[in-house]
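Undergrad: Sharing work_35.csv (CSV, C-alpha atoms) below.
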chain,number,residue,atom,x,y,z
A,1,LEU,CA,4.7,-12.5,14.2
A,2,LEU,CA,7.8,-14.3,15.5
A,3,LYS,CA,9.9,-11.2,15.1
A,4,LYS,CA,10.0,-8.4,17.7
A,5,ASP,CA,9.7,-5.8,15.0
A,6,SER,CA,6.1,-7.0,14.2
A,7,HIS,CA,5.2,-6.6,17.9
A,8,ARG,CA,6.3,-3.0,17.9
A,9,GLN,CA,4.6,-2.3,14.6
A,10,LEU,CA,1.3,-3.7,16.0
A,11,LEU,CA,1.5,-1.1,18.8
A,12,ASP,CA,2.1,1.7,16.2
A,13,ASN,CA,-0.6,0.5,13.8
A,14,VAL,CA,-3.4,0.1,16.3
A,15,GLY,CA,-2.3,3.2,18.4
A,16,HIS,CA,-2.0,5.3,15.2
A,17,LEU,CA,1.6,6.0,16.3
A,18,GLN,CA,3.2,5.7,12.9
A,19,PRO,CA,3.7,9.5,12.5
A,20,LEU,CA,5.4,9.8,15.9
A,21,ALA,CA,7.5,6.6,15.1
A,22,GLN,CA,8.5,8.1,11.8
A,23,GLN,CA,9.5,11.4,13.6
A,24,VAL,CA,11.6,9.4,16.0
A,25,SER,CA,13.3,7.7,13.2
A,26,GLN,CA,13.9,11.0,11.4
A,27,ASP,CA,15.2,12.5,14.6
A,28,TYR,CA,17.6,9.6,15.1
A,29,GLN,CA,18.9,10.0,11.6
A,30,SER,CA,19.3,13.7,12.1
A,31,TRP,CA,21.2,13.0,15.3
A,32,LEU,CA,23.6,10.6,13.6
A,33,GLN,CA,24.1,13.0,10.8
A,34,ALA,CA,24.9,15.9,13.2
A,35,LYS,CA,27.5,13.7,15.0
A,36,GLN,CA,29.0,12.7,11.6
A,37,GLN,CA,29.1,16.3,10.4
A,38,LEU,CA,30.9,17.4,13.5
A,39,SER,CA,33.4,14.6,13.2
A,40,ASN,CA,34.0,15.3,9.5
A,41,SER,CA,34.4,19.0,10.1
A,42,GLN,CA,37.1,18.3,12.7
A,43,ALA,CA,39.1,15.9,10.6
A,44,ASN,CA,38.5,16.7,6.9
A,45,TYR,CA,38.9,20.5,6.4
A,46,ALA,CA,41.0,20.2,3.3
A,47,ALA,CA,38.7,17.6,1.7
A,48,GLN,CA,35.8,19.8,2.5
A,49,GLN,CA,37.3,22.8,0.7
A,50,ALA,CA,37.8,20.7,-2.4
A,51,ARG,CA,34.3,19.4,-2.2
A,52,LEU,CA,33.0,23.0,-1.8
A,53,GLU,CA,34.6,24.0,-5.0
A,54,LEU,CA,33.1,21.1,-6.9
A,55,LEU,CA,29.6,21.7,-5.4
A,56,HIS,CA,29.9,25.3,-6.5
A,57,ASN,CA,30.4,24.2,-10.1
A,58,TYR,CA,27.6,21.7,-10.0
A,59,LEU,CA,25.2,24.2,-8.5
A,60,GLU,CA,26.1,26.9,-11.0
A,61,GLU,CA,25.1,24.5,-13.9
A,62,LEU,CA,21.9,23.5,-12.2
A,63,GLU,CA,20.9,27.0,-11.3
A,64,LYS,CA,21.5,28.1,-14.9
A,65,LEU,CA,19.2,25.2,-16.0
A,66,ALA,CA,16.6,26.4,-13.4
A,67,LEU,CA,14.5,23.2,-13.6
A,68,LYS,CA,11.7,23.1,-11.1
A,69,ALA,CA,10.2,20.1,-9.4
A,70,GLY,CA,7.8,18.4,-11.8
A,71,GLU,CA,8.7,20.7,-14.6
A,72,TYR,CA,10.7,18.2,-16.7
A,73,GLU,CA,7.7,16.0,-17.4
A,74,GLN,CA,5.7,19.1,-18.4
A,75,LEU,CA,8.5,20.2,-20.8
A,76,GLU,CA,8.6,16.7,-22.4
A,77,GLN,CA,4.8,16.7,-22.8
A,78,GLU,CA,4.8,20.2,-24.3
A,79,TYR,CA,7.7,19.3,-26.6
A,80,ASP,CA,5.9,16.1,-27.8
A,81,CYS,CA,2.8,18.1,-28.6
A,82,LEU,CA,4.7,20.7,-30.6
A,83,ALA,CA,6.9,18.2,-32.4
A,84,ASN,CA,3.8,16.2,-33.4
A,85,TYR,CA,1.6,19.2,-34.0
A,86,GLU,CA,0.2,18.3,-37.4
A,87,SER,CA,-0.7,14.7,-36.5
A,88,LEU,CA,-2.1,15.8,-33.1
A,89,MET,CA,-4.4,18.4,-34.7
A,90,HIS,CA,-5.5,16.1,-37.5
A,91,ASP,CA,-6.3,13.2,-35.2
A,92,SER,CA,-8.0,15.4,-32.6
A,93,GLN,CA,-10.1,17.1,-35.2
A,94,GLN,CA,-11.0,13.7,-36.7
A,95,ALA,CA,-12.0,12.4,-33.2
A,96,LEU,CA,-14.1,15.5,-32.7
A,97,SER,CA,-15.9,15.0,-36.0
A,98,LEU,CA,-16.6,11.4,-35.1
A,99,LEU,CA,-17.9,12.4,-31.7
A,100,ASP,CA,-20.1,15.4,-32.4
A,101,GLU,CA,-19.5,17.4,-35.5
A,102,GLY,CA,-19.5,15.0,-38.5
A,103,GLU,CA,-22.3,14.1,-40.8
A,104,GLN,CA,-23.3,11.1,-38.7
A,105,PRO,CA,-21.5,11.7,-35.3
A,106,ILE,CA,-21.7,9.2,-32.5
A,107,SER,CA,-23.7,11.7,-30.4
A,108,ARG,CA,-26.4,12.0,-33.0
A,109,GLN,CA,-26.6,8.2,-33.4
A,110,LEU,CA,-26.9,7.9,-29.6
A,111,GLN,CA,-29.7,10.4,-29.6
A,112,HIS,CA,-31.6,8.4,-32.3
A,113,ALA,CA,-31.1,5.2,-30.3
A,114,LEU,CA,-32.3,6.9,-27.1
A,115,ARG,CA,-35.4,8.4,-28.8
A,116,SER,CA,-36.2,4.9,-30.2
A,117,LEU,CA,-36.2,3.4,-26.8
A,118,GLU,CA,-37.7,6.1,-24.6
A,119,ALA,CA,-41.2,5.5,-25.7
A,120,HIS,CA,-40.9,1.9,-24.4
A,121,GLN,CA,-38.9,2.4,-21.3
A,122,THR,CA,-42.0,2.2,-19.0
A,123,ARG,CA,-42.7,-1.3,-20.4
A,124,SER,CA,-39.4,-2.8,-19.1
A,125,ASP,CA,-37.0,-2.0,-16.2
A,126,ASN,CA,-34.2,-3.3,-18.4
A,127,LEU,CA,-35.1,-0.8,-21.2
A,128,ALA,CA,-35.3,2.0,-18.6
A,129,ASN,CA,-31.8,1.1,-17.3
A,130,ILE,CA,-30.6,1.1,-20.9
A,131,CYS,CA,-32.1,4.5,-21.6
A,132,THR,CA,-30.4,5.8,-18.5
A,133,SER,CA,-27.0,4.4,-19.6
A,134,LEU,CA,-27.4,5.8,-23.1
A,135,ASN,CA,-28.3,9.2,-21.7
A,136,SER,CA,-25.2,9.1,-19.4
A,137,ALA,CA,-23.0,8.1,-22.4
A,138,LEU,CA,-24.5,11.0,-24.4
A,139,ILE,CA,-23.6,13.5,-21.7
A,140,GLU,CA,-20.1,12.1,-21.5
A,141,ILE,CA,-19.6,12.4,-25.2
A,142,LYS,CA,-20.9,16.0,-25.2
A,143,ASP,CA,-18.5,16.8,-22.3
A,144,SER,CA,-15.6,15.2,-24.1
A,145,SER,CA,-16.4,17.0,-27.3
A,146,ARG,CA,-16.4,20.4,-25.5
A,147,GLU,CA,-13.1,19.6,-23.8
A,148,LEU,CA,-11.6,18.4,-27.1
A,149,ASN,CA,-12.8,21.6,-28.8
A,150,SER,CA,-11.2,23.7,-26.0
A,151,PHE,CA,-8.0,21.7,-26.3
A,152,LEU,CA,-7.8,22.3,-30.1
A,153,ALA,CA,-8.5,26.0,-29.6
A,154,GLN,CA,-5.5,26.3,-27.2
A,155,GLN,CA,-3.0,24.6,-29.6
A,156,GLU,CA,-0.6,26.9,-31.5
A,157,LEU,CA,2.5,26.0,-33.4
A,158,ASP,CA,5.5,28.0,-32.1
A,159,PRO,CA,8.8,27.1,-33.7
A,160,GLN,CA,10.8,29.3,-31.3
A,161,ARG,CA,9.2,27.6,-28.3
A,162,LEU,CA,9.9,24.2,-29.8
A,163,ALA,CA,13.6,25.1,-30.3
A,164,TRP,CA,13.8,26.4,-26.7
A,165,LEU,CA,12.2,23.2,-25.4
A,166,GLU,CA,14.5,21.0,-27.3
A,167,GLN,CA,17.6,22.9,-26.0
A,168,LYS,CA,16.4,22.8,-22.4
A,169,ILE,CA,15.5,19.1,-22.5
A,170,ALA,CA,18.9,18.3,-24.0
A,171,GLU,CA,20.7,20.3,-21.3
A,172,ALA,CA,18.7,18.5,-18.6
A,173,GLN,CA,19.5,15.1,-20.1
A,174,ARG,CA,23.2,16.1,-20.2
A,175,LEU,CA,23.3,17.0,-16.6
A,176,ALA,CA,21.3,13.9,-15.7
A,177,ARG,CA,23.9,11.7,-17.4
A,178,LYS,CA,26.7,13.7,-15.6
A,179,HIS,CA,25.2,13.1,-12.2
A,180,LYS,CA,23.9,9.6,-13.0
A,181,VAL,CA,20.3,10.5,-12.1
A,182,MET,CA,17.0,10.7,-14.1
A,183,ALA,CA,16.3,14.2,-15.6
A,184,HIS,CA,13.2,14.7,-13.5
A,185,GLU,CA,15.4,14.1,-10.3
A,186,LEU,CA,17.6,17.1,-11.0
A,187,PRO,CA,15.7,19.6,-8.8
A,188,ALA,CA,15.9,17.2,-5.9
A,189,LEU,CA,19.6,16.7,-6.6
A,190,GLN,CA,20.1,20.5,-6.7
A,191,GLN,CA,18.4,20.8,-3.2
A,192,THR,CA,20.6,18.0,-1.9
A,193,LEU,CA,23.8,19.5,-3.2
A,194,LEU,CA,22.7,22.9,-1.8
A,195,LEU,CA,22.2,21.5,1.6
A,196,GLU,CA,25.6,19.8,1.4
A,197,GLN,CA,27.2,23.1,0.4
A,198,GLN,CA,25.7,24.8,3.3
A,199,ARG,CA,26.9,22.1,5.7
A,200,TYR,CA,30.5,22.4,4.4
A,201,GLN,CA,30.3,26.2,4.5
A,202,GLN,CA,29.5,26.0,8.2
A,203,ALA,CA,32.0,23.3,8.8
A,204,GLN,CA,34.6,25.7,10.3
A,205,ASP,CA,32.1,26.9,12.9
A,206,LEU,CA,32.4,24.0,15.3
A,207,THR,CA,30.3,25.8,17.9
A,208,GLY,CA,27.4,25.8,15.5
A,209,LEU,CA,27.8,22.1,14.8
A,210,GLU,CA,28.1,21.3,18.5
A,211,GLN,CA,24.9,23.2,19.2
A,212,ALA,CA,23.2,21.5,16.3
A,213,LEU,CA,24.2,18.1,17.7
A,214,ALA,CA,22.9,18.9,21.1
A,215,HIS,CA,19.6,20.1,19.6
A,216,ALA,CA,19.2,17.0,17.5
A,217,LYS,CA,19.8,14.8,20.5
A,218,GLN,CA,17.3,16.7,22.6
A,219,GLN,CA,14.7,16.4,19.8
A,220,TYR,CA,15.2,12.6,19.5
A,221,VAL,CA,15.0,12.0,23.3
A,222,GLU,CA,11.8,14.1,23.7
A,223,HIS,CA,10.0,12.4,20.9
A,224,ALA,CA,11.4,8.9,21.8
A,225,GLN,CA,10.1,9.3,25.4
A,226,GLN,CA,6.7,10.4,24.1
A,227,LEU,CA,6.6,7.3,21.8
A,228,SER,CA,7.6,5.0,24.6
A,229,GLN,CA,4.8,6.3,26.9
A,230,ALA,CA,2.3,6.1,24.1
A,231,ARG,CA,3.2,2.5,23.3
A,232,GLN,CA,3.1,1.4,26.9
A,233,ALA,CA,-0.4,3.1,27.2
A,234,ILE,CA,-1.9,1.2,24.2
A,235,ALA,CA,-0.3,-2.2,25.0
A,236,PRO,CA,-2.9,-3.4,27.6
A,237,GLN,CA,-5.7,-2.5,25.2
A,238,ILE,CA,-4.2,-4.6,22.4
A,239,THR,CA,-3.4,-7.6,24.6
A,240,SER,CA,-7.0,-7.5,25.9
A,241,GLN,CA,-8.5,-7.5,22.4
A,242,ILE,CA,-6.2,-10.3,21.2
A,243,SER,CA,-7.1,-12.4,24.3
A,244,GLN,CA,-10.8,-11.9,23.7
A,245,HIS,CA,-10.5,-13.0,20.1
A,246,LEU,CA,-8.4,-16.0,21.1
A,247,ARG,CA,-11.1,-17.0,23.7
A,248,ASP,CA,-13.6,-17.0,20.9
A,249,LEU,CA,-11.2,-19.2,18.9
A,250,SER,CA,-11.1,-22.0,21.6
A,251,MET,CA,-8.0,-20.7,23.4
A,252,PRO,CA,-9.7,-19.6,26.7
A,253,ASN,CA,-6.6,-19.7,28.9
A,254,THR,CA,-4.4,-17.4,26.8
A,255,GLN,CA,-2.2,-14.9,28.6
A,256,LEU,CA,-0.4,-12.0,26.8
A,257,ASN,CA,1.9,-9.3,28.1
A,258,TYR,CA,4.0,-6.7,26.4
A,259,VAL,CA,7.5,-6.4,27.9
A,260,PHE,CA,9.4,-3.1,27.6
A,261,SER,CA,13.1,-3.1,28.3
A,262,ALA,CA,15.5,-0.2,28.0
A,263,LEU,CA,18.0,-0.6,25.1
A,264,ASP,CA,21.7,-0.4,25.8
A,265,LYS,CA,21.8,2.5,23.3
A,266,PRO,CA,19.1,4.5,21.5
A,267,SER,CA,17.9,3.2,18.1
A,268,LYS,CA,15.8,4.6,15.2
A,269,ASP,CA,12.8,2.7,16.6
A,270,GLY,CA,13.0,4.3,20.0
A,271,LEU,CA,14.4,3.7,23.5
A,272,ASP,CA,12.8,0.3,24.2
A,273,ASP,CA,13.3,-3.3,23.3
A,274,ILE,CA,9.7,-4.5,22.9
A,275,GLU,CA,8.4,-8.1,22.9
A,276,LEU,CA,5.0,-9.6,23.2
A,277,LEU,CA,5.1,-12.7,25.5
A,278,PHE,CA,2.5,-15.5,25.2
A,279,SER,CA,1.1,-18.4,27.1
A,280,ALA,CA,-1.7,-20.6,25.8
A,281,ASN,CA,-2.3,-22.8,28.9
A,282,LEU,CA,-2.9,-22.3,32.6
A,283,GLY,CA,0.3,-22.6,34.7
A,284,GLN,CA,2.5,-22.1,31.6
A,285,GLN,CA,5.1,-19.4,31.9
A,286,LEU,CA,4.9,-16.4,29.5
A,287,GLN,CA,7.5,-16.9,26.8
A,288,PRO,CA,8.2,-15.5,23.3
A,289,LEU,CA,5.9,-16.7,20.6
A,290,ALA,CA,8.7,-18.4,18.7
A,291,LYS,CA,9.5,-20.7,21.6
A,292,ILE,CA,6.0,-21.7,22.8
A,293,ALA,CA,3.3,-21.3,20.2
A,294,SER,CA,2.3,-24.3,18.0
A,295,GLY,CA,1.4,-23.9,14.4
A,296,GLY,CA,-2.3,-23.9,15.0
A,297,GLU,CA,-2.0,-21.5,17.9
A,298,LEU,CA,0.2,-19.2,15.9
A,299,SER,CA,-2.3,-19.2,13.0
A,300,ARG,CA,-5.2,-18.3,15.3
A,301,PHE,CA,-3.0,-15.7,17.0
A,302,ALA,CA,-2.2,-14.2,13.6
A,303,LEU,CA,-5.9,-14.1,12.7
A,304,ALA,CA,-6.8,-12.3,16.0
A,305,VAL,CA,-4.0,-9.8,15.3
A,306,GLN,CA,-5.1,-9.1,11.7
A,307,VAL,CA,-8.7,-8.6,12.8
A,308,ILE,CA,-7.6,-6.0,15.3
A,309,GLN,CA,-5.4,-4.0,12.9
A,310,ALA,CA,-7.4,-4.6,9.7
A,311,GLN,CA,-8.7,-1.0,9.8
A,312,HIS,CA,-5.2,0.3,10.5
A,313,SER,CA,-3.2,-1.6,7.9
A,314,ALA,CA,-2.8,-1.5,4.1
A,315,VAL,CA,-1.6,-5.1,3.6
A,316,PRO,CA,-3.3,-6.2,0.4
A,317,VAL,CA,-3.1,-10.1,0.7
A,318,LEU,CA,-3.2,-12.3,3.8
A,319,VAL,CA,-2.7,-16.1,3.7
A,320,PHE,CA,-3.9,-18.4,6.5
A,321,ASP,CA,-2.8,-22.0,6.4
A,322,GLU,CA,-5.1,-24.3,8.3
A,323,VAL,CA,-5.9,-21.7,10.9
A,324,ASP,CA,-8.8,-23.9,12.0
A,325,VAL,CA,-6.7,-26.9,13.1
A,326,GLY,CA,-8.0,-28.6,16.3
A,327,ILE,CA,-11.1,-26.5,16.8
A,328,SER,CA,-14.8,-27.4,17.0
A,329,GLY,CA,-17.6,-26.7,14.6
A,330,ALA,CA,-18.8,-23.7,16.5
A,331,THR,CA,-15.4,-22.2,16.8
A,332,ALA,CA,-14.8,-22.9,13.1
A,333,GLU,CA,-17.8,-20.7,12.3
A,334,VAL,CA,-16.2,-18.0,14.4
A,335,VAL,CA,-13.0,-18.3,12.4
A,336,GLY,CA,-15.0,-18.2,9.2
A,337,ASN,CA,-16.8,-15.0,10.3
A,338,LEU,CA,-13.5,-13.4,11.3
A,339,LEU,CA,-12.0,-14.3,7.9
A,340,ARG,CA,-15.0,-12.9,6.1
A,341,GLN,CA,-14.7,-9.7,8.1
A,342,LEU,CA,-11.0,-9.4,7.2
A,343,GLY,CA,-12.0,-9.9,3.6
A,344,GLU,CA,-13.7,-6.6,3.6
A,345,HIS,CA,-10.2,-4.9,4.0
A,346,ALA,CA,-7.8,-7.3,2.2
A,347,GLN,CA,-7.6,-10.3,-0.1
A,348,ILE,CA,-7.8,-13.4,2.1
A,349,LEU,CA,-6.5,-16.8,1.0
A,350,CYS,CA,-7.3,-19.6,3.5
A,351,ILE,CA,-6.5,-23.3,3.4
A,352,THR,CA,-9.1,-25.2,5.4
A,353,HIS,CA,-10.7,-28.5,6.1
A,354,GLN,CA,-13.6,-27.0,7.9
A,355,PRO,CA,-16.9,-26.6,6.0
A,356,GLN,CA,-17.9,-23.7,8.3
A,357,VAL,CA,-14.8,-21.8,7.2
A,358,ALA,CA,-15.1,-22.7,3.5
A,359,ALA,CA,-18.7,-21.6,3.4
A,360,LYS,CA,-17.8,-18.1,4.4
A,361,GLY,CA,-15.5,-17.5,1.4
A,362,HIS,CA,-16.6,-15.4,-1.6
A,363,ARG,CA,-15.0,-18.1,-3.8
A,364,HIS,CA,-14.0,-21.7,-3.3
A,365,TRP,CA,-11.1,-23.7,-4.8
A,366,GLN,CA,-10.5,-27.4,-4.4
A,367,VAL,CA,-7.0,-29.0,-4.5
A,368,GLN,CA,-7.2,-32.2,-6.4
A,369,LYS,CA,-4.6,-35.0,-6.9
A,370,TYR,CA,-4.5,-37.3,-9.9
A,371,THR,CA,-2.1,-39.7,-11.5
A,372,GLN,CA,-0.6,-39.4,-15.0
A,373,GLY,CA,1.4,-42.4,-15.9
A,374,SER,CA,3.9,-43.0,-13.0
A,375,HIS,CA,3.5,-39.4,-11.7
A,376,THR,CA,1.2,-37.9,-9.1
A,377,LEU,CA,0.1,-34.4,-9.9
A,378,SER,CA,-2.0,-31.8,-8.2
A,379,GLN,CA,-4.3,-29.1,-9.6
A,380,VAL,CA,-6.4,-26.3,-8.1
A,381,VAL,CA,-9.9,-26.0,-9.5
A,382,GLU,CA,-12.5,-23.3,-8.8
A,383,LEU,CA,-15.9,-24.7,-7.9
A,384,ASN,CA,-19.2,-23.4,-9.2
A,385,TYR,CA,-22.1,-23.0,-6.9
A,386,GLN,CA,-23.4,-26.6,-7.3
A,387,GLN,CA,-19.9,-28.1,-7.0
A,388,ARG,CA,-19.4,-25.9,-3.9
A,389,VAL,CA,-22.6,-27.2,-2.3
A,390,GLU,CA,-21.4,-30.8,-2.9
A,391,GLU,CA,-17.9,-30.1,-1.6
A,392,ILE,CA,-19.2,-28.5,1.6
A,393,ALA,CA,-21.6,-31.4,2.0
A,394,ARG,CA,-18.7,-33.8,1.6
A,395,MET,CA,-16.6,-31.9,4.2
A,396,SER,CA,-19.6,-31.9,6.6
A,397,GLY,CA,-20.9,-35.4,6.2
A,398,GLY,CA,-18.2,-37.7,4.8
A,399,VAL,CA,-18.0,-39.7,1.6
A,400,THR,CA,-21.8,-40.5,1.4
A,401,ILE,CA,-23.7,-37.4,0.5
A,402,THR,CA,-27.4,-37.3,1.4
A,403,GLN,CA,-30.1,-34.8,0.6
A,404,GLU,CA,-29.9,-33.7,4.2
A,405,THR,CA,-26.2,-32.9,4.0
A,406,LEU,CA,-26.8,-31.1,0.7
A,407,LYS,CA,-29.6,-29.0,2.2
A,408,HIS,CA,-27.4,-28.2,5.2
A,409,ALA,CA,-24.5,-27.2,2.8
A,410,GLU,CA,-26.9,-24.8,0.9
A,411,SER,CA,-28.0,-23.2,4.2
A,412,MET,CA,-24.4,-22.7,5.2
A,413,LEU,CA,-23.8,-20.9,1.9
A,414,GLY,CA,-26.8,-18.7,2.5
In structure tokens, what does this structure look like?
TA:
Amino acid sequence: LLKKDSHRQLLDNVGHLQPLAQQVSQDYQSWLQAKQQLSNSQANYAAQQARLELLHNYLEELEKLALKAGEYEQLEQEYDCLANYESLMHDSQQALSLLDEGEQPISRQLQHALRSLEAHQTRSDNLANICTSLNSALIEIKDSSRELNSFLAQQELDPQRLAWLEQKIAEAQRLARKHKVMAHELPALQQTLLLEQQRYQQAQDLTGLEQALAHAKQQYVEHAQQLSQARQAIAPQITSQISQHLRDLSMPNTQLNYVFSALDKPSKDGLDDIELLFSANLGQQLQPLAKIASGGELSRFALAVQVIQAQHSAVPVLVFDEVDVGISGATAEVVGNLLRQLGEHAQILCITHQPQVAAKGHRHWQVQKYTQGSHTLSQVVELNYQQRVEEIARMSGGVTITQETLKHAESMLG
């Protein structure tokens, strides 16, 4: 949150502007490439001709191989099946016999078990559930048996096909070693080399390159201006939402404002330098977060931001370190509820001294210190329900735990 990049990314995440931002980045790269292509064509004609000849040889080999995207993995799989035909057929037939076609197949045993229990399933919900599970398992086994039967029927040993596969895989591996790529990457390499060949072939036509450069620049500017307008449009909504959450978190005087300044030169991220300015107190000038926010304020700010973009982000784990520092019990409960809400979208790890926050977690660990000889060690222990009740009671009521504090702790846990 202390970096400007995160402020820009917040706009793009909440405003669903990632596709447009990616387009701007791609346009920027295309613009740079067009400029570089024109420069190279003007200065490196002889080198381009030598490269063209080399590209021609490379592409001739790759075109002869004629490997399509995703085909190499299929060739390897087919080769593996044919090379291990006998063991594959034997093991598959044995599996089919065990599942449904042997003297005592699993399917028949499941049917016997199901019939034994069906007469009693009305006497117990557990037995009814078991019968349902057995019936589902029987259906799965029958389906698997049919699919395995179909698989076996499709298999056919073809020595000529096996030899052809071996030759093609070997040639693919040779070319992969030559170009220092993985064999399955050869189709992508071929496309890259083909595009490079086309660029070099057009290198002598500077008019075409100049037109391409102008078009690339125009595309970038149009999309970058659209992105700038969209970001400025969504910014007030985001600052309003963050401010509302911070008021709920005992920061009632928070002020936020997105500042957009034109960059000296365009960038892959757009035309603007973007920064979110912050003030936590009345009369305090808006400044960058890194200069003004305390640790507790920054933690609560981070919580508010994550709540807003939780439905727009794929971050798997979020860690909050004492996000509840300096807040009251009522506000701590708000923090706990927000963290619980975030936990529906990501794994939340929270370090807290507030019982209202700890009670909202799905699980509870306690950090314990102990001495061993002349050393002080720490360990993290997961608490069971009763231990959790006692710990929350201790956090709520101090060292002496009464029945009232225990009951209150149980009510907090729900």
Undergrad: Neighbouring residues of Val319 (chain A) were defined as those with any atom within 8 Å, considering only C-alpha atoms; residues of the same chain fewer than 4 positions away were excluded. Please report them as a VMD selection string.
TA: chain A and resid 348 to 350
Undergrad: For Pro288 (chain A), which of A:Val323, A:Leu276, A:Leu206, A:Ile139 is the closest residue, counting only C-alpha atoms?
TA: A:Leu276
Undergrad: So what do you get for CA of Asn257 (chain A) versus CA of Leu277 (chain A), distance-wise?
TA: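 Rounded to one decimal, the two atoms are 5.3 Å apart.
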Undergrad: Residues at most 12 Å from region 217-232 of chain A, counting all atoms listed in the file, excluding those fewer than 3 positions away in the same chain, as a PyMOL selection string?
TA: chain A and resi 7-35+210-214+235-239+257-263+265-276
Undergrad: Work out how far apart CA of Lys3 (chain A) and CA of His245 (chain A) are and give it in Å to one decimal.
TA: 21.1 Å
Undergrad: With all atoms listed in the file counted, which protein, DNA or RNA residues have an atom no more than 9 Å from (31.4, 21.8, 9.3) in the file frame? Please answer as a list in words.
TA: Gln37, Leu38, Ser39, Asn40, Ser41, Gln42, Tyr45, Gln48, Gln198, Arg199, Tyr200, Gln201, Gln202, Ala203, Gln204, Asp205, Leu206, Gly208 and Leu209 of chain A
Undergrad: What's the 12 Å shell around Lys68 (chain A), counting only C-alpha atoms, without same-chain residues fewer than 3 positions away, as a ChimeraX atom specification?
TA: /A:62-65,71-75,172,183-191
Undergrad: What does the distance from CA of Ala358 (chain A) to CA of Glu297 (chain A) come to in Å, to one decimal?
TA: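 The value is 19.5 Å.
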Undergrad: List as a ChimeraX atom specification the protein and nucleic acid residues near region 105-108 of chain A, meaning an atom at most 9 Å away when only C-alpha atoms are counted, but skip any in the same chain fewer than 5 places from it.
TA: /A:96-100,113,137-139,141-142
Undergrad: Which one of A:Asp158, A:Arg115, A:Asn149, A:Gln244 sits closest to Gln94 (chain A) if you count all atoms listed in the file?
TA: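 Checking each of A:Asp158, A:Arg115, A:Asn149, A:Gln244 against Gln94 (chain A), counting all atoms listed in the file, the winner is A:Asn149.
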Undergrad: Could you check the closest approach to Asn281 (chain A) for each of A:Gln387, A:Asn337, A:Ser250, A:Thr376 and tell me which residue wins, using only C-alpha atoms?
TA: A:Ser250
